[in-house]
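With PDB, C-alpha atoms inside, this is start_19.pdb:
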ATOM      1  CA  MET A 150      74.116  -0.890 -45.842  1.00  0.00           C
ATOM      2  CA  LYS A 151      71.488  -0.714 -43.097  1.00  0.00           C
ATOM      3  CA  GLN A 152      68.794  -1.663 -45.627  1.00  0.00           C
ATOM      4  CA  LYS A 153      70.654  -4.854 -46.528  1.00  0.00           C
ATOM      5  CA  MET A 154      71.147  -5.660 -42.846  1.00  0.00           C
ATOM      6  CA  ILE A 155      67.425  -5.278 -42.110  1.00  0.00           C
ATOM      7  CA  ILE A 156      66.468  -7.587 -44.975  1.00  0.00           C
ATOM      8  CA  ALA A 157      69.103 -10.152 -43.989  1.00  0.00           C
ATOM      9  CA  VAL A 158      68.007 -10.225 -40.354  1.00  0.00           C
ATOM     10  CA  ILE A 159      64.317 -10.632 -41.197  1.00  0.00           C
ATOM     11  CA  VAL A 160      65.012 -13.314 -43.779  1.00  0.00           C
ATOM     12  CA  CYS A 161      67.181 -15.278 -41.335  1.00  0.00           C
ATOM     13  CA  PHE A 162      64.508 -15.094 -38.639  1.00  0.00           C
ATOM     14  CA  ILE A 163      61.735 -16.219 -40.973  1.00  0.00           C
ATOM     15  CA  HIS A 164      63.755 -19.070 -42.434  1.00  0.00           C
ATOM     16  CA  GLY A 165      64.913 -20.157 -39.022  1.00  0.00           C
ATOM     17  CA  LEU A 166      61.495 -20.093 -37.391  1.00  0.00           C
ATOM     18  CA  MET A 167      59.133 -21.081 -40.175  1.00  0.00           C
ATOM     19  CA  PHE A 168      61.156 -23.611 -42.106  1.00  0.00           C
ATOM     20  CA  ASN A 169      63.294 -26.635 -41.503  1.00  0.00           C
ATOM     21  CA  ALA A 170      64.228 -27.336 -45.074  1.00  0.00           C
ATOM     22  CA  ALA A 171      67.139 -27.317 -47.455  1.00  0.00           C
ATOM     23  CA  PRO A 172      67.936 -24.110 -49.419  1.00  0.00           C
ATOM     24  CA  ALA A 173      66.511 -25.565 -52.646  1.00  0.00           C
ATOM     25  CA  MET A 174      63.171 -26.196 -50.954  1.00  0.00           C
ATOM     26  CA  LEU A 175      63.126 -22.676 -49.473  1.00  0.00           C
ATOM     27  CA  GLN A 176      63.516 -21.119 -52.892  1.00  0.00           C
ATOM     28  CA  ALA A 177      60.689 -23.194 -54.311  1.00  0.00           C
ATOM     29  CA  GLU A 178      58.155 -22.124 -51.696  1.00  0.00           C
ATOM     30  CA  THR A 179      56.966 -18.578 -50.938  1.00  0.00           C
ATOM     31  CA  ALA A 180      56.388 -17.598 -47.330  1.00  0.00           C
ATOM     32  CA  PHE A 181      53.836 -14.889 -46.564  1.00  0.00           C
ATOM     33  CA  VAL A 182      54.372 -12.746 -43.474  1.00  0.00           C
ATOM     34  CA  THR A 183      52.369  -9.870 -42.018  1.00  0.00           C
ATOM     35  CA  ILE A 184      53.926  -6.893 -40.250  1.00  0.00           C
ATOM     36  CA  GLY A 185      51.746  -5.135 -37.679  1.00  0.00           C
ATOM     37  CA  SER A 186      52.328  -1.391 -37.815  1.00  0.00           C
ATOM     38  CA  GLY A 187      50.102   1.340 -36.368  1.00  0.00           C
ATOM     39  CA  ASP A 188      47.696   4.108 -37.279  1.00  0.00           C
ATOM     40  CA  PHE A 189      47.633   5.131 -40.963  1.00  0.00           C
ATOM     41  CA  ASN A 190      48.676   8.679 -40.026  1.00  0.00           C
ATOM     42  CA  GLY A 191      51.342   7.663 -37.521  1.00  0.00           C
ATOM     43  CA  VAL A 192      55.039   6.802 -37.834  1.00  0.00           C
ATOM     44  CA  TYR A 193      54.756   3.005 -37.625  1.00  0.00           C
ATOM     45  CA  PHE A 194      52.566   2.498 -40.698  1.00  0.00           C
ATOM     46  CA  PRO A 195      54.945   4.105 -43.225  1.00  0.00           C
ATOM     47  CA  ALA A 196      57.863   2.424 -41.431  1.00  0.00           C
ATOM     48  CA  GLY A 197      56.149  -0.933 -41.909  1.00  0.00           C
ATOM     49  CA  LEU A 198      55.532  -0.160 -45.578  1.00  0.00           C
ATOM     50  CA  ALA A 199      59.199   0.674 -46.080  1.00  0.00           C
ATOM     51  CA  ILE A 200      60.311  -2.601 -44.477  1.00  0.00           C
ATOM     52  CA  ALA A 201      57.832  -4.616 -46.543  1.00  0.00           C
ATOM     53  CA  LYS A 202      58.986  -2.839 -49.709  1.00  0.00           C
ATOM     54  CA  MET A 203      62.608  -3.806 -49.029  1.00  0.00           C
ATOM     55  CA  ILE A 204      61.653  -7.430 -48.414  1.00  0.00           C
ATOM     56  CA  ASN A 205      59.392  -7.695 -51.457  1.00  0.00           C
ATOM     57  CA  ALA A 206      61.964  -6.136 -53.769  1.00  0.00           C
ATOM     58  CA  LYS A 207      64.059  -9.309 -53.381  1.00  0.00           C
ATOM     59  CA  ARG A 208      61.308 -11.859 -52.825  1.00  0.00           C
ATOM     60  CA  ASN A 209      62.500 -13.880 -55.832  1.00  0.00           C
ATOM     61  CA  GLN A 210      65.801 -14.418 -54.039  1.00  0.00           C
ATOM     62  CA  HIS A 211      64.620 -15.303 -50.537  1.00  0.00           C
ATOM     63  CA  GLY A 212      61.061 -16.525 -51.186  1.00  0.00           C
ATOM     64  CA  ILE A 213      59.353 -14.211 -48.694  1.00  0.00           C
ATOM     65  CA  ARG A 214      56.487 -11.801 -49.387  1.00  0.00           C
ATOM     66  CA  ALA A 215      55.511  -9.257 -46.740  1.00  0.00           C
ATOM     67  CA  THR A 216      52.300  -7.303 -46.212  1.00  0.00           C
ATOM     68  CA  VAL A 217      51.575  -4.525 -43.718  1.00  0.00           C
ATOM     69  CA  GLU A 218      48.540  -4.274 -41.471  1.00  0.00           C
ATOM     70  CA  SER A 219      47.439  -1.029 -39.846  1.00  0.00           C
ATOM     71  CA  THR A 220      46.856  -1.729 -36.139  1.00  0.00           C
ATOM     72  CA  ARG A 221      46.215   0.055 -32.856  1.00  0.00           C
ATOM     73  CA  GLY A 222      49.919   0.082 -32.016  1.00  0.00           C
ATOM     74  CA  SER A 223      52.593  -1.522 -29.855  1.00  0.00           C
ATOM     75  CA  VAL A 224      50.462  -3.358 -27.305  1.00  0.00           C
ATOM     76  CA  PHE A 225      48.109  -4.738 -29.947  1.00  0.00           C
ATOM     77  CA  ASN A 226      51.064  -5.898 -32.065  1.00  0.00           C
ATOM     78  CA  LEU A 227      52.772  -7.686 -29.191  1.00  0.00           C
ATOM     79  CA  ASN A 228      49.580  -9.478 -28.185  1.00  0.00           C
ATOM     80  CA  ALA A 229      48.845 -10.394 -31.818  1.00  0.00           C
ATOM     81  CA  ILE A 230      52.336 -11.856 -32.263  1.00  0.00           C
ATOM     82  CA  MET A 231      52.008 -13.954 -29.127  1.00  0.00           C
ATOM     83  CA  ALA A 232      48.569 -15.152 -30.292  1.00  0.00           C
ATOM     84  CA  GLY A 233      49.946 -16.114 -33.713  1.00  0.00           C
ATOM     85  CA  TYR A 234      47.993 -13.535 -35.727  1.00  0.00           C
ATOM     86  CA  LEU A 235      51.097 -11.610 -36.818  1.00  0.00           C
ATOM     87  CA  GLU A 236      54.596 -12.770 -37.706  1.00  0.00           C
ATOM     88  CA  PHE A 237      56.221  -9.406 -36.998  1.00  0.00           C
ATOM     89  CA  GLY A 238      55.172  -6.114 -35.445  1.00  0.00           C
ATOM     90  CA  LEU A 239      56.495  -2.658 -34.692  1.00  0.00           C
ATOM     91  CA  ALA A 240      56.566  -1.874 -30.981  1.00  0.00           C
ATOM     92  CA  GLN A 241      58.168   0.419 -28.471  1.00  0.00           C
ATOM     93  CA  SER A 242      61.122  -1.175 -26.725  1.00  0.00           C
ATOM     94  CA  ASP A 243      59.743  -0.355 -23.264  1.00  0.00           C
ATOM     95  CA  GLU A 244      56.513  -2.183 -24.095  1.00  0.00           C
ATOM     96  CA  GLN A 245      58.423  -5.234 -25.297  1.00  0.00           C
ATOM     97  CA  TYR A 246      60.566  -5.201 -22.146  1.00  0.00           C
ATOM     98  CA  GLU A 247      57.462  -5.110 -19.948  1.00  0.00           C
ATOM     99  CA  ALA A 248      55.899  -7.951 -21.950  1.00  0.00           C
ATOM    100  CA  VAL A 249      58.994 -10.148 -21.705  1.00  0.00           C
ATOM    101  CA  LYS A 250      59.275  -9.485 -17.966  1.00  0.00           C
ATOM    102  CA  GLY A 251      55.531  -9.832 -17.306  1.00  0.00           C
ATOM    103  CA  LEU A 252      55.120  -6.295 -15.967  1.00  0.00           C
ATOM    104  CA  ILE A 253      52.271  -3.755 -15.938  1.00  0.00           C
ATOM    105  CA  ARG A 254      49.551  -4.891 -18.352  1.00  0.00           C
ATOM    106  CA  TRP A 255      51.212  -8.285 -18.813  1.00  0.00           C
ATOM    107  CA  ALA A 256      51.328  -9.034 -15.079  1.00  0.00           C
ATOM    108  CA  LYS A 257      48.340 -11.404 -15.245  1.00  0.00           C
ATOM    109  CA  LYS A 258      49.591 -13.229 -18.360  1.00  0.00           C
ATOM    110  CA  GLY A 259      53.092 -13.547 -16.986  1.00  0.00           C
ATOM    111  CA  PRO A 260      56.422 -13.124 -18.807  1.00  0.00           C
ATOM    112  CA  GLN A 261      56.176 -13.407 -22.595  1.00  0.00           C
ATOM    113  CA  LYS A 262      59.561 -15.048 -22.994  1.00  0.00           C
ATOM    114  CA  GLU A 263      59.056 -16.079 -26.631  1.00  0.00           C
ATOM    115  CA  LEU A 264      59.169 -12.477 -27.888  1.00  0.00           C
ATOM    116  CA  ARG A 265      62.301 -11.415 -29.746  1.00  0.00           C
ATOM    117  CA  ALA A 266      63.554  -7.991 -30.851  1.00  0.00           C
ATOM    118  CA  VAL A 267      64.804  -8.215 -34.426  1.00  0.00           C
ATOM    119  CA  PHE A 268      66.290  -4.732 -34.866  1.00  0.00           C
ATOM    120  CA  SER A 269      65.819  -1.126 -33.761  1.00  0.00           C
ATOM    121  CA  ILE A 270      64.685   1.655 -36.098  1.00  0.00           C
ATOM    122  CA  HIS A 271      64.551   5.057 -34.420  1.00  0.00           C
ATOM    123  CA  HIS A 272      64.300   6.918 -31.132  1.00  0.00           C
ATOM    124  CA  GLU A 273      60.959   8.237 -29.883  1.00  0.00           C
ATOM    125  CA  SER A 274      60.211  11.086 -27.493  1.00  0.00           C
ATOM    126  CA  VAL A 275      57.213  11.249 -25.199  1.00  0.00           C
ATOM    127  CA  CYS A 276      55.827  14.702 -25.913  1.00  0.00           C
ATOM    128  CA  LEU A 277      53.135  16.805 -24.293  1.00  0.00           C
ATOM    129  CA  VAL A 278      51.400  19.088 -26.779  1.00  0.00           C
ATOM    130  CA  ALA A 279      49.311  21.802 -25.142  1.00  0.00           C
ATOM    131  CA  ALA A 280      47.278  24.805 -26.248  1.00  0.00           C
ATOM    132  CA  VAL A 281      48.811  28.107 -25.166  1.00  0.00           C
ATOM    133  CA  ASP A 282      45.406  29.513 -24.233  1.00  0.00           C
ATOM    134  CA  ALA A 283      44.882  26.586 -21.818  1.00  0.00           C
ATOM    135  CA  ASP A 284      47.690  27.975 -19.641  1.00  0.00           C
ATOM    136  CA  ILE A 285      49.601  24.679 -19.566  1.00  0.00           C
ATOM    137  CA  ASN A 286      53.338  25.182 -19.159  1.00  0.00           C
ATOM    138  CA  ALA A 287      54.267  21.876 -17.527  1.00  0.00           C
ATOM    139  CA  ILE A 288      52.729  18.489 -16.833  1.00  0.00           C
ATOM    140  CA  ALA A 289      51.620  19.629 -13.369  1.00  0.00           C
ATOM    141  CA  ASP A 290      49.303  22.161 -15.036  1.00  0.00           C
ATOM    142  CA  LEU A 291      47.178  19.372 -16.561  1.00  0.00           C
ATOM    143  CA  LYS A 292      45.017  19.005 -13.462  1.00  0.00           C
ATOM    144  CA  GLY A 293      41.436  19.865 -14.318  1.00  0.00           C
ATOM    145  CA  LYS A 294      42.209  20.015 -18.065  1.00  0.00           C
ATOM    146  CA  ARG A 295      40.876  18.004 -21.000  1.00  0.00           C
ATOM    147  CA  VAL A 296      43.702  15.673 -22.029  1.00  0.00           C
ATOM    148  CA  ASN A 297      43.955  12.979 -24.691  1.00  0.00           C
ATOM    149  CA  LEU A 298      45.809   9.911 -23.404  1.00  0.00           C
ATOM    150  CA  GLY A 299      45.910   7.974 -26.694  1.00  0.00           C
ATOM    151  CA  ASN A 300      44.181   4.735 -27.588  1.00  0.00           C
ATOM    152  CA  PRO A 301      44.572   1.895 -25.032  1.00  0.00           C
ATOM    153  CA  GLY A 302      46.074  -0.444 -27.648  1.00  0.00           C
ATOM    154  CA  SER A 303      49.154   1.729 -28.056  1.00  0.00           C
ATOM    155  CA  GLY A 304      52.415   2.029 -26.172  1.00  0.00           C
ATOM    156  CA  GLN A 305      51.784   5.759 -26.088  1.00  0.00           C
ATOM    157  CA  TYR A 306      48.840   5.210 -23.758  1.00  0.00           C
ATOM    158  CA  GLN A 307      50.984   3.508 -21.119  1.00  0.00           C
ATOM    159  CA  ASN A 308      53.689   6.161 -21.540  1.00  0.00           C
ATOM    160  CA  THR A 309      51.047   8.791 -20.815  1.00  0.00           C
ATOM    161  CA  ILE A 310      49.804   6.986 -17.703  1.00  0.00           C
ATOM    162  CA  ASP A 311      53.394   6.608 -16.468  1.00  0.00           C
ATOM    163  CA  ALA A 312      54.143  10.305 -17.027  1.00  0.00           C
ATOM    164  CA  LEU A 313      50.980  11.445 -15.255  1.00  0.00           C
ATOM    165  CA  GLN A 314      51.485   9.165 -12.289  1.00  0.00           C
ATOM    166  CA  ALA A 315      55.126  10.227 -11.963  1.00  0.00           C
ATOM    167  CA  ALA A 316      53.889  13.816 -11.726  1.00  0.00           C
ATOM    168  CA  GLY A 317      51.369  12.881  -9.032  1.00  0.00           C
ATOM    169  CA  ILE A 318      48.350  13.171 -11.323  1.00  0.00           C
ATOM    170  CA  ASN A 319      45.586  10.555 -11.189  1.00  0.00           C
ATOM    171  CA  PRO A 320      44.454   9.923 -14.809  1.00  0.00           C
ATOM    172  CA  LYS A 321      40.971   8.937 -13.636  1.00  0.00           C
ATOM    173  CA  ASN A 322      40.250  11.720 -11.177  1.00  0.00           C
ATOM    174  CA  ASP A 323      42.514  14.710 -11.813  1.00  0.00           C
ATOM    175  CA  ILE A 324      41.920  15.273 -15.541  1.00  0.00           C
ATOM    176  CA  ASP A 325      39.118  15.052 -18.077  1.00  0.00           C
ATOM    177  CA  ALA A 326      40.578  12.172 -20.118  1.00  0.00           C
ATOM    178  CA  GLU A 327      39.996  11.252 -23.765  1.00  0.00           C
ATOM    179  CA  GLN A 328      41.213   8.089 -25.519  1.00  0.00           C
ATOM    180  CA  ALA A 329      41.367   9.120 -29.176  1.00  0.00           C
ATOM    181  CA  ARG A 330      44.032   7.937 -31.604  1.00  0.00           C
ATOM    182  CA  ALA A 331      47.172  10.067 -31.810  1.00  0.00           C
ATOM    183  CA  SER A 332      46.322  11.136 -35.368  1.00  0.00           C
ATOM    184  CA  GLU A 333      42.960  12.503 -34.189  1.00  0.00           C
ATOM    185  CA  ALA A 334      44.403  14.574 -31.332  1.00  0.00           C
ATOM    186  CA  PRO A 335      45.610  17.604 -33.364  1.00  0.00           C
ATOM    187  CA  VAL A 336      42.112  18.149 -34.755  1.00  0.00           C
ATOM    188  CA  LEU A 337      40.563  17.827 -31.299  1.00  0.00           C
ATOM    189  CA  LEU A 338      43.058  20.376 -29.980  1.00  0.00           C
ATOM    190  CA  GLN A 339      42.412  22.877 -32.752  1.00  0.00           C
ATOM    191  CA  GLU A 340      38.648  22.499 -32.339  1.00  0.00           C
ATOM    192  CA  LYS A 341      39.077  23.237 -28.608  1.00  0.00           C
ATOM    193  CA  ARG A 342      37.628  19.870 -27.627  1.00  0.00           C
ATOM    194  CA  ILE A 343      40.781  19.085 -25.636  1.00  0.00           C
ATOM    195  CA  ASP A 344      43.450  21.272 -24.036  1.00  0.00           C
ATOM    196  CA  ALA A 345      46.438  18.962 -24.491  1.00  0.00           C
ATOM    197  CA  PHE A 346      47.526  15.564 -25.725  1.00  0.00           C
ATOM    198  CA  PHE A 347      50.439  13.173 -25.256  1.00  0.00           C
ATOM    199  CA  CYS A 348      52.284  11.749 -28.233  1.00  0.00           C
ATOM    200  CA  THR A 349      55.092   9.157 -28.307  1.00  0.00           C
ATOM    201  CA  VAL A 350      56.684   9.665 -31.680  1.00  0.00           C
ATOM    202  CA  GLY A 351      59.875   9.886 -33.700  1.00  0.00           C
ATOM    203  CA  HIS A 352      60.675  13.306 -35.108  1.00  0.00           C
ATOM    204  CA  PRO A 353      59.816  14.803 -37.527  1.00  0.00           C
ATOM    205  CA  SER A 354      56.171  13.833 -37.147  1.00  0.00           C
ATOM    206  CA  LYS A 355      53.083  14.566 -39.221  1.00  0.00           C
ATOM    207  CA  THR A 356      50.997  14.440 -36.033  1.00  0.00           C
ATOM    208  CA  LEU A 357      52.960  17.248 -34.412  1.00  0.00           C
ATOM    209  CA  GLN A 358      53.023  19.223 -37.651  1.00  0.00           C
ATOM    210  CA  ASN A 359      49.233  19.002 -37.885  1.00  0.00           C
ATOM    211  CA  ALA A 360      48.927  20.312 -34.351  1.00  0.00           C
ATOM    212  CA  THR A 361      50.599  23.564 -35.395  1.00  0.00           C
ATOM    213  CA  THR A 362      48.651  24.236 -38.607  1.00  0.00           C
ATOM    214  CA  GLY A 363      45.520  25.751 -37.034  1.00  0.00           C
ATOM    215  CA  GLU A 364      44.807  29.125 -35.489  1.00  0.00           C
ATOM    216  CA  ARG A 365      45.229  27.836 -31.953  1.00  0.00           C
ATOM    217  CA  LYS A 366      48.813  28.245 -30.754  1.00  0.00           C
ATOM    218  CA  VAL A 367      50.517  25.258 -29.135  1.00  0.00           C
ATOM    219  CA  ARG A 368      53.648  24.503 -27.116  1.00  0.00           C
ATOM    220  CA  PHE A 369      55.654  21.291 -26.791  1.00  0.00           C
ATOM    221  CA  THR A 370      57.339  19.559 -23.859  1.00  0.00           C
ATOM    222  CA  GLY A 371      59.455  16.377 -24.177  1.00  0.00           C
ATOM    223  CA  PHE A 372      59.840  13.826 -21.377  1.00  0.00           C
ATOM    224  CA  ARG A 373      61.969  10.813 -22.258  1.00  0.00           C
ATOM    225  CA  VAL A 374      63.347   8.828 -25.142  1.00  0.00           C
ATOM    226  CA  ASN A 375      62.997   5.168 -26.057  1.00  0.00           C
ATOM    227  CA  SER A 376      63.599   3.106 -29.176  1.00  0.00           C
ATOM    228  CA  GLY A 377      61.013   1.979 -31.666  1.00  0.00           C
ATOM    229  CA  SER A 378      61.851  -1.535 -32.798  1.00  0.00           C
ATOM    230  CA  VAL A 379      60.576  -4.468 -34.780  1.00  0.00           C
ATOM    231  CA  GLN A 380      59.449  -7.402 -32.669  1.00  0.00           C
ATOM    232  CA  GLU A 381      59.013 -11.028 -33.630  1.00  0.00           C
TER     233      GLU A 381
END
For the file at hand, write its structure as structure tokens.
Amino acid sequence: MKQKMIIAVIVCFIHGLMFNAAPAMLQAETAFVTIGSGDFNGVYFPAGLAIAKMINAKRNQHGIRATVESTRGSVFNLNAIMAGYLEFGLAQSDEQYEAVKGLIRWAKKGPQKELRAVFSIHHESVCLVAAVDADINAIADLKGKRVNLGNPGSGQYQNTIDALQAAGINPKNDIDAEQARASEAPVLLQEKRIDAFFCTVGHPSKTLQNATTGERKVRFTGFRVNSGSVQE
């Protein structure tokens, strides 16, 4: 039932925004749309593939063919949509809210009022993954540690900055910060190149599973929950 709803919503949006034609004309012409997702090893890329697969399975009926592009994440997708490079993109709901309201990183550009949320997919937790031998039991223990913040094109990065600042930690001065992709963080942790990393992700997650597969023991701490959603 939810699968049919997702397809119907996307089809209605595409037909409404891209066409101003009669039904017969819509069936005769194929529309190509691109869905911005995320890192290949993250949650958003397979989610994007699943959505595209549902759309393409009935492309003969609605005349729409979807492809998925691996991107740097929420912030990149929102900017690409507003610039006209993507038709749809997966993004965290907090990032879309800030874009629509012109907050944080969108303060200079102003409110992005043309953005629309099409539907929500899943909840995401902001997690702190830390090595046991680094003696990190809470976010306050990150001072002086090597911490991966995530890549700046992702919503995870801003979540990390928000969490650190809320705990009174200056990301520039109080920690040794890295900006690797979320999928790279488990390897960095196991190789003892970092002591902890933040990860905004829906569970279960391959990223978190990979963090536990090495000899180095890890512990997890969750902070807050938001919704991953498809933006247009």
task = Taking the file above as input, evaluate the PyMOL selection byres ((chain A and resi 247-263) around 10) and report the hits as a ChimeraX atom specification.
result = /A:224,227-228,230-231,242-246,264-265,307,381
query = Interatomic distance between CA of Lys366 (chain A) and CA of Asp282 (chain A)?
reply = 7.5 Å
key: Which of A:Asn190, A:Ser354, A:Thr370, A:Thr183 sits closest to Ala287 (chain A) [using all atoms listed in the file]   =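 Nearest to Ala287 (chain A): A:Thr370.
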task = List the residues matched by the PyMOL selection byres ((chain A and resi 345) around 6) in the displayed structure as a VMD selection string, ordered by chain and then by residue number.
result = chain A and resid 278 to 279 296 343 to 344 346
task = Taking the file above as input, evaluate the PyMOL selection byres ((chain A and resi 333) around 10) and report the hits as an MDAnalysis selection string.
result = chainID A and resid 190 297 299 328:332 334:338 356 359:360
key: Residue nearest Arg295 (chain A) - candidates A:Val281, A:Asp325, A:Ala215, A:Glu273, atoms counted: all atoms listed in the file   = A:Asp325
request  = To one decimal in Å, tell me the separation between CA of Ala266 (chain A) and CA of Ala199 (chain A).
outcome  =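 The value is 18.1 Å.
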